[in-house]
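A.B. asks: One structure is given below, represented as structure tokens, and several questions about it will come after.
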Amino acid sequence: MRARKVPLRKCVACQEMKPKKELIRVVRTPDEQVLIDLTGKKAGRGAYLCGKVSCFKLAKKSRALDRALKQTVGNEIYDQLEQDFISVEEQFLANKELISDEDE
């Protein structure tokens with residue numbers, strides 16, 4: 001049986017290519033909301049970030065999400081995303097370890 005191809009995505013902050021499951025997706029929904037999508041299946045334009053707070057801060061500083069989502073992301077939305085990102089980071093890392101255990 002052939003090995004399955006792993007989809008790769010690029011982090012908008014550090015520009016590093018990683019498997020899709022190792023990145024956190026930030027999505028701009030059709031009704032112009034910007035939020036974190038842990039499932040990776042919400043409708044809208046997506047941008048991917050590494051699961052590290054340092055990458056999020058780099059994206060905030062360089063306004064990388066503005067370019068990736070093709071919409072101006074206000075400071076209040078960046079602040080809200082930063083709080084969400086920190087709270088989601090632990091859950092994301094736990095899911096990542098769980099997926100790694102299943103692959104072995």
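Here's how to read the names in the structure tokens: chain A, B, ... by the order shown, residue numbers from 1 in each chain, ligand numbers from 1 in the order shown.
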Extract, using only C-alpha atoms, all DNA, RNA and protein residues at most 9 Å from Val34 of chain A, discarding same-chain residues fewer than 2 positions from it, and format them as a PyMOL selection string.

C.D. replies: chain A and resi 26-29+32+36+69+73+77+81

A.B. asks: Output C-alpha atoms for every residue in that selection, as a PDB file, in the first residue's frame.

C.D. replies:
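The result, written out as part-v3.pdb:
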```
ATOM      1  CA  VAL A  26      -6.868  31.491  11.451  1.00  0.00           C
ATOM      2  CA  VAL A  27      -9.898  31.999   9.225  1.00  0.00           C
ATOM      3  CA  ARG A  28     -11.771  34.998   7.811  1.00  0.00           C
ATOM      4  CA  THR A  29     -15.355  33.839   7.536  1.00  0.00           C
ATOM      5  CA  GLU A  32     -15.909  39.107   7.770  1.00  0.00           C
ATOM      6  CA  ILE A  36      -9.164  30.563  15.213  1.00  0.00           C
ATOM      7  CA  LEU A  69      -6.506  37.067   4.854  1.00  0.00           C
ATOM      8  CA  VAL A  73      -7.176  43.056  10.863  1.00  0.00           C
ATOM      9  CA  ILE A  77      -8.927  41.642  16.785  1.00  0.00           C
ATOM     10  CA  LEU A  81      -6.748  36.456  18.772  1.00  0.00           C
TER      11      LEU A  81
END
```

A.B. asks: When DSSP is applied to the backbone of this structure, which of segment 9-89 of chain A are assigned strand (DSSP E)? Write them out as a ChimeraX atom specification.

C.D. replies: /A:9-10,17-19,23-28,34-37,45-50

A.B. asks: Excluding Val6 of chain A and its own-chain neighbours fewer than 3 positions away, which residues fall within 10 Å of it when counting only C-alpha atoms? Please give them as a list of chain:residue names.

C.D. replies: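 Once the nearby chain positions are removed, what remains is A:Ala3, A:Arg9, A:Lys18, A:Pro19, A:Lys20, A:Lys21.
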
A.B. asks: Produce a file of the selected residues containing all heavy atoms, as a JSON list (two decimals), in the first residue's frame.

C.D. replies:
```json
[["chain", "number", "residue", "atom", "x", "y", "z"],
["A", 3, "ALA", "N", 2.17, 5.05, 0.67],
["A", 3, "ALA", "CA", 2.10, 5.99, 1.79],
["A", 3, "ALA", "C", 1.26, 7.19, 1.36],
["A", 3, "ALA", "O", 1.35, 7.66, 0.22],
["A", 3, "ALA", "CB", 3.49, 6.44, 2.19],
["A", 9, "ARG", "N", 1.56, 23.12, 4.66],
["A", 9, "ARG", "CA", 1.14, 24.52, 4.63],
["A", 9, "ARG", "C", 2.29, 25.36, 5.17],
["A", 9, "ARG", "O", 3.13, 24.87, 5.91],
["A", 9, "ARG", "CB", -0.11, 24.75, 5.49],
["A", 9, "ARG", "CG", -1.34, 23.98, 5.04],
["A", 9, "ARG", "CD", -1.87, 24.49, 3.71],
["A", 9, "ARG", "NE", -3.08, 23.82, 3.30],
["A", 9, "ARG", "CZ", -3.15, 22.78, 2.50],
["A", 9, "ARG", "NH1", -2.04, 22.24, 2.03],
["A", 9, "ARG", "NH2", -4.29, 22.25, 2.16],
["A", 18, "LYS", "N", 5.23, 23.15, 7.06],
["A", 18, "LYS", "CA", 4.98, 22.08, 8.03],
["A", 18, "LYS", "C", 3.73, 21.33, 7.62],
["A", 18, "LYS", "O", 2.91, 21.85, 6.87],
["A", 18, "LYS", "CB", 4.77, 22.66, 9.43],
["A", 18, "LYS", "CG", 6.01, 23.29, 10.03],
["A", 18, "LYS", "CD", 5.77, 23.65, 11.46],
["A", 18, "LYS", "CE", 7.05, 24.16, 12.08],
["A", 18, "LYS", "NZ", 6.93, 24.33, 13.51],
["A", 19, "PRO", "N", 3.56, 20.11, 8.14],
["A", 19, "PRO", "CA", 2.30, 19.40, 7.90],
["A", 19, "PRO", "C", 1.12, 20.20, 8.44],
["A", 19, "PRO", "O", 1.22, 20.86, 9.47],
["A", 19, "PRO", "CB", 2.47, 18.09, 8.66],
["A", 19, "PRO", "CG", 3.95, 17.90, 8.77],
["A", 19, "PRO", "CD", 4.53, 19.28, 8.86],
["A", 20, "LYS", "N", 0.02, 20.15, 7.73],
["A", 20, "LYS", "CA", -1.16, 20.93, 8.06],
["A", 20, "LYS", "C", -1.63, 20.71, 9.50],
["A", 20, "LYS", "O", -2.05, 21.65, 10.16],
["A", 20, "LYS", "CB", -2.28, 20.54, 7.08],
["A", 20, "LYS", "CG", -3.54, 21.34, 7.20],
["A", 20, "LYS", "CD", -4.53, 20.90, 6.13],
["A", 20, "LYS", "CE", -5.86, 21.56, 6.30],
["A", 20, "LYS", "NZ", -6.83, 21.11, 5.32],
["A", 21, "LYS", "N", -1.51, 19.49, 10.00],
["A", 21, "LYS", "CA", -1.99, 19.18, 11.35],
["A", 21, "LYS", "C", -1.12, 19.78, 12.44],
["A", 21, "LYS", "O", -1.52, 19.82, 13.59],
["A", 21, "LYS", "CB", -2.09, 17.67, 11.54],
["A", 21, "LYS", "CG", -3.20, 17.07, 10.71],
["A", 21, "LYS", "CD", -3.38, 15.61, 10.99],
["A", 21, "LYS", "CE", -4.54, 15.07, 10.17],
["A", 21, "LYS", "NZ", -4.81, 13.69, 10.46]]
```

A.B. asks: Considering only C-alpha atoms, can you say which of A:Leu49, A:Met17, A:Val88, A:Leu8 comes closest to Leu65 of chain A?

C.D. replies: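 Ranking A:Leu49, A:Met17, A:Val88, A:Leu8 by distance to Leu65 of chain A, first place goes to A:Leu49.
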
A.B. asks: Rank nothing, just name the residue among A:Pro7, A:Ala64, A:Gly51, A:Gln15 nearest to Gln91 of chain A, using only C-alpha atoms.

C.D. replies: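 Looking at the shortest contact to Gln91 of chain A, the residue is A:Gly51.
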
A.B. asks: From the DSSP assignment of the backbone, select every residue of segment 17-78 of chain A that is alpha helix (DSSP H), and format the answer as a PyMOL selection string.

C.D. replies: chain A and resi 53-62+64-69+75-78

A.B. asks: Could you pull the residues within 9 Å of Lys52 of chain A, counting only C-alpha atoms, minus those fewer than 2 positions along the same chain, as a PyMOL selection string?

C.D. replies: chain A and resi 49-50+54-57+85-86+89

A.B. asks: Closest to Ser62 of chain A among A:Arg2, A:Leu38, A:Gln83, A:Tyr78, using only C-alpha atoms?

C.D. replies: A:Tyr78

A.B. asks: When you look at Tyr48 of chain A with a cut-off of 7 Å (counting only C-alpha atoms), what residues show up, excluding the ones that are within fewer than 2 positions of it in the same chain? I need them as an MDAnalysis selection string.

C.D. replies: chainID A and resid 10:12 23:26 46 50
